[in-house]
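Everything below concerns the one structure shown next.
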Amino acid sequence: MTVELGIDTFGDVTWDAQENPLSHAQVVRNVVEEGVLADQVGLNFIGLGEHHRDDFAVSSPEMVLAAIAARTENIHLGSAVTVLSSDDPVRVYERFATLDALSHGRAEVILGRGSFTESFPLFGYELEDYEELFEEKLALFVKLRAEQPVSWVGKHTQNLNDVTLYPPVEHGLLKSWIAVGGSPQSVVRAAHYDIPLMLAIIGGPVDGFAPFADLYRRALAEFAHTESNPVGYHSYGYVAETDEQAMEEFFKPYVISTSRIGAERGWPAPTRDSFENEVKQGSMAVGSPETVARKIAAGIKSLGASRFDLKVSTGPLSHENIMKSIELYGTKVAPLVKDMLSE
């Protein structure tokens, strides 16, 4: 089985050595360096999340990905995710077609509803239309992706009359995924549109998501689509030389980030015990290269996945530590995962 290993980052606003927050501009520049390193160590993908809030620096993933594209040769470049509900499918397609041209065919778009909602009022959308917006915009994007020119009559989108978009994708279809958190309806929707499934796993054991991967494949068959569409998944993680070092360096940034988001959503703040339990029993891949490789290989096997993306930024975790983690992930973890999967 061919497996791709990548990274994701939201451009979390990080600390300097004195634990002062870096500027958003510096974080964006650091994300470019992280993408360049990921390419150098042989990783297959970098995905950038879209956010519009003070704890994340990346609001326009395509702009940052274009900068990475100009300095890399092999790594694929995508979103993680593009919040399609509050965007224009025409503009999304054009932006990623442009990125595809710049990168010689390395662009990928991962479409989702997003787990944050600040983009809705920012761009003039109502949260009460949350479901309708995504459904309609996804249908239009799929139509644009499949063939052009396109004619379309929309409720939440513009009408199109025999429209062709530019630049055209040079080779085949624009590579696209649909990201799903934990909704069976969303899994079936991805299968309906015959688009690969990306499972966004932020907690709990990976094998608990195996029913979603199975549902996706059954739904593909029922819709008479190919059952070879890839399934991927994303989870938090951090690699250091030893398990102890990884746990100590990752714990404080994890608590800061999770506590803030938890306070907004009514979750309890993590404790050391809950953190250690999530590392041991859940999806987070934190530890030495061998420990992280075992966690990833087990997850890939349980889902039948062909792509895993490690979210390398967490809260104020420093750029220097992120770079060390990426280097270990590419040079040590990736070969171990591939060896474990070949056994």
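Numbering starts fresh at 1 for the residues of each chain in the structure tokens, the chains themselves are lettered A, B, ... in the order given, and ligands are numbered from 1 as they appear.
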Compile a residue-level contact table for region 273-343 of chain A against region 78-98 of chain A at a cut-off of 12 Å, reporting for every qualifying residue the shortest atom pair and its distance in Å to one decimal, with only C-alpha atoms counted, rows ordered by chain and ascending number, as CSV.
```
residue,atom,partner,partner_atom,distance
A:Asp309,CA,A:Ala80,CA,9.7
A:Leu310,CA,A:Ala80,CA,11.2
A:Lys311,CA,A:Ala80,CA,9.7
```
Produce a file of the selected residues containing C-alpha atoms, as a short mmCIF file (atom, residue, chain, number, x, y, z; two decimals), in the first residue's frame.
```cif
data_model
loop_
_atom_site.label_atom_id
_atom_site.label_comp_id
_atom_site.auth_asym_id
_atom_site.auth_seq_id
_atom_site.Cartn_x
_atom_site.Cartn_y
_atom_site.Cartn_z
CA ASP A 309 -1.17 14.54 8.06
CA LEU A 310 0.43 15.49 11.39
CA LYS A 311 -0.66 18.88 12.75
#
```
**OP:** Pick out the residues sitting within 8 Å of region 196-211 of chain A, and hand them over as a VMD selection string; count only C-alpha atoms, and ignore anything fewer than 4 positions along from it in its own chain.
**Re:** chain A and resid 110 176 to 182 187 190 to 191 215 to 216 229 to 236 278 281 to 284 299 302 to 303
**OP:** Within 7 Å of region 33-47 of chain A, counting only C-alpha atoms, which residues show up once you throw out same-chain ones fewer than 4 positions away? Write them as a list of chain:residue names, please.
**Re:**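 Surrounding residues, per the criterion: A:Glu4, A:Leu5, A:Gly6, A:Ile7, A:Asp8, A:Thr9, A:Arg29, A:Ile68, A:Arg71, A:Thr72, A:Asn74, A:Ile75, A:His76, A:Leu77, A:Gly78, A:Ser79, A:Ala80, A:Met323, A:Ile326, A:Glu327, A:Gly330, A:Thr331.
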Original post:
In Å, with one decimal, what is the gap from CA of Glu276 (chain A) to CA of Leu336 (chain A)?
Top reply: 23.3 Å
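Distance check against Leu341 (chain A) using only C-alpha atoms: of A:Leu317, A:Val13, A:Leu220, A:Ala297, the minimum falls on A:Ala297.
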Original post:
Can you list every residue in region 93-306 of chain A that DSSP puts in strand (DSSP E or B), as a ChimeraX atom specification?
Top reply: /A:107-112,150-152,160-163,175-180,197-200,231-239,285-287
**OP:** Give me, please, the distance in Å between CA of Ala298 (chain A) and CA of Met340 (chain A), quoted to one decimal.
**Re:** 8.9 Å
Subject >> Test item: residues at most 12 Å from Asn30 (chain A), only C-alpha atoms, excluding those fewer than 3 positions along its chain, as number ranges by chain >> reply: A: 9-16, 22-27, 33-37, 57-58, 64, 67-68, 313, 318-323
Subject >> Contacts of Thr2 (chain A) at 10 Å (only C-alpha atoms; same-chain gap of 2+ positions) as a PyMOL selection string >> reply: chain A and resi 4+305-307+338+341-342
Filtering to N, CA and C atoms, could you give me those residues as a short mmCIF file (atom, residue, chain, number, x, y, z; two decimals), in the first residue's frame?
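Written file, result39.cif:
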```
data_model
loop_
_atom_site.label_atom_id
_atom_site.label_comp_id
_atom_site.auth_asym_id
_atom_site.auth_seq_id
_atom_site.Cartn_x
_atom_site.Cartn_y
_atom_site.Cartn_z
N GLU A 4 1.01 8.25 1.86
CA GLU A 4 1.60 9.59 1.87
C GLU A 4 1.57 10.13 3.29
N ALA A 305 -6.20 3.81 5.55
CA ALA A 305 -5.90 5.14 5.00
C ALA A 305 -4.67 5.09 4.11
N SER A 306 -4.60 6.06 3.19
CA SER A 306 -3.42 6.19 2.35
C SER A 306 -2.75 7.56 2.52
N ARG A 307 -3.28 8.37 3.44
CA ARG A 307 -2.66 9.67 3.74
C ARG A 307 -2.81 9.94 5.23
N LYS A 338 6.73 3.37 7.06
CA LYS A 338 6.68 2.57 5.84
C LYS A 338 7.17 1.15 6.08
N LEU A 341 4.36 -0.73 7.95
CA LEU A 341 3.23 -1.05 7.09
C LEU A 341 3.56 -2.17 6.09
N SER A 342 4.84 -2.38 5.85
CA SER A 342 5.23 -3.43 4.90
C SER A 342 5.35 -4.79 5.56
#
```
**OP:** Tell me, in Å to one decimal, how far CA of Ala213 (chain A) is from CA of Asp194 (chain A).
**Re:** 13.8 Å
Original post:
Could you name the residues that touch Glu244 (chain A) at 12 Å or less, counting only C-alpha atoms, but leaving out those on the same chain fewer than 5 positions away, as a PyMOL selection string?
Top reply: chain A and resi 238-239+249-251+276+279+286-288+291
Export N, CA, C and O atoms of the chosen residues as a PDB file, in the first residue's frame?
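What follows is the written file part-v2.pdb:
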```
ATOM      1  N   TYR A 238       3.615  15.612  17.856  1.00  0.00           N
ATOM      2  CA  TYR A 238       4.899  16.272  18.076  1.00  0.00           C
ATOM      3  C   TYR A 238       5.964  15.191  18.256  1.00  0.00           C
ATOM      4  O   TYR A 238       5.755  14.213  18.969  1.00  0.00           O
ATOM      5  N   VAL A 239       7.099  15.389  17.595  1.00  0.00           N
ATOM      6  CA  VAL A 239       8.184  14.405  17.650  1.00  0.00           C
ATOM      7  C   VAL A 239       9.411  15.041  18.289  1.00  0.00           C
ATOM      8  O   VAL A 239       9.816  16.150  17.915  1.00  0.00           O
ATOM      9  N   GLU A 249       7.874  19.119  26.264  1.00  0.00           N
ATOM     10  CA  GLU A 249       7.878  20.282  25.375  1.00  0.00           C
ATOM     11  C   GLU A 249       6.501  20.576  24.796  1.00  0.00           C
ATOM     12  O   GLU A 249       6.182  21.733  24.502  1.00  0.00           O
ATOM     13  N   PHE A 250       5.684  19.555  24.652  1.00  0.00           N
ATOM     14  CA  PHE A 250       4.382  19.723  24.008  1.00  0.00           C
ATOM     15  C   PHE A 250       3.277  20.081  24.995  1.00  0.00           C
ATOM     16  O   PHE A 250       2.294  20.726  24.614  1.00  0.00           O
ATOM     17  N   PHE A 251       3.427  19.681  26.254  1.00  0.00           N
ATOM     18  CA  PHE A 251       2.320  19.784  27.209  1.00  0.00           C
ATOM     19  C   PHE A 251       1.839  21.220  27.409  1.00  0.00           C
ATOM     20  O   PHE A 251       0.647  21.514  27.297  1.00  0.00           O
ATOM     21  N   GLU A 276      -2.023  12.933  29.211  1.00  0.00           N
ATOM     22  CA  GLU A 276      -1.291  11.673  29.074  1.00  0.00           C
ATOM     23  C   GLU A 276      -2.185  10.560  28.563  1.00  0.00           C
ATOM     24  O   GLU A 276      -1.744   9.707  27.775  1.00  0.00           O
ATOM     25  N   VAL A 279      -2.557  11.001  24.826  1.00  0.00           N
ATOM     26  CA  VAL A 279      -1.353  10.568  24.130  1.00  0.00           C
ATOM     27  C   VAL A 279      -1.283   9.045  24.067  1.00  0.00           C
ATOM     28  O   VAL A 279      -0.950   8.462  23.023  1.00  0.00           O
ATOM     29  N   VAL A 286       2.457  11.791  19.885  1.00  0.00           N
ATOM     30  CA  VAL A 286       3.461  12.577  20.613  1.00  0.00           C
ATOM     31  C   VAL A 286       4.491  11.620  21.192  1.00  0.00           C
ATOM     32  O   VAL A 286       4.130  10.680  21.915  1.00  0.00           O
ATOM     33  N   GLY A 287       5.753  11.852  20.899  1.00  0.00           N
ATOM     34  CA  GLY A 287       6.777  10.988  21.474  1.00  0.00           C
ATOM     35  C   GLY A 287       8.022  10.925  20.617  1.00  0.00           C
ATOM     36  O   GLY A 287       8.271  11.777  19.753  1.00  0.00           O
ATOM     37  N   SER A 288       8.813   9.894  20.863  1.00  0.00           N
ATOM     38  CA  SER A 288      10.020   9.641  20.083  1.00  0.00           C
ATOM     39  C   SER A 288       9.624   9.201  18.672  1.00  0.00           C
ATOM     40  O   SER A 288       8.464   8.850  18.420  1.00  0.00           O
ATOM     41  N   THR A 291       7.869   5.805  18.782  1.00  0.00           N
ATOM     42  CA  THR A 291       6.532   5.869  19.384  1.00  0.00           C
ATOM     43  C   THR A 291       5.531   6.493  18.412  1.00  0.00           C
ATOM     44  O   THR A 291       4.413   5.981  18.229  1.00  0.00           O
TER      45      THR A 291
END
```
Original post:
When DSSP works through the backbone of this structure, what residues of region 126-320 of chain A end up as helix (DSSP H, G or I), shown as a PyMOL selection string?
Top reply: chain A and resi 127-146+184-192+206-222+243-265+272-281+289-303+319-320
Sorted per-residue table, region 165-257 of chain A near region 131-147 of chain A, closest atoms and distance, 9 Å, only C-alpha atoms, as JSON lines:
```
{"residue": "A:Leu165", "atom": "CA", "partner": "A:Leu144", "partner_atom": "CA", "distance": 8.3}
{"residue": "A:Leu173", "atom": "CA", "partner": "A:Arg145", "partner_atom": "CA", "distance": 6.4}
{"residue": "A:Leu174", "atom": "CA", "partner": "A:Arg145", "partner_atom": "CA", "distance": 6.6}
{"residue": "A:Ser176", "atom": "CA", "partner": "A:Arg145", "partner_atom": "CA", "distance": 9.0}
{"residue": "A:Arg189", "atom": "CA", "partner": "A:Glu135", "partner_atom": "CA", "distance": 8.8}
{"residue": "A:Tyr193", "atom": "CA", "partner": "A:Val142", "partner_atom": "CA", "distance": 7.2}
{"residue": "A:Ile195", "atom": "CA", "partner": "A:Val142", "partner_atom": "CA", "distance": 8.8}
```
Subject >> Shortest interatomic distance to Pro253 (chain A) - which of A:Ser115, A:Val312, A:Arg106, A:Gln185, counting only C-alpha atoms >> reply: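 Selected residue with least distance to Pro253 (chain A): A:Val312.
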**OP:** Would you please work out which residue, of A:Gly315, A:Gly172, A:Pro167, A:Gly266, is nearest to Tyr254 (chain A) when using only C-alpha atoms?
**Re:**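 Result for the nearest residue to Tyr254 (chain A): A:Gly315.
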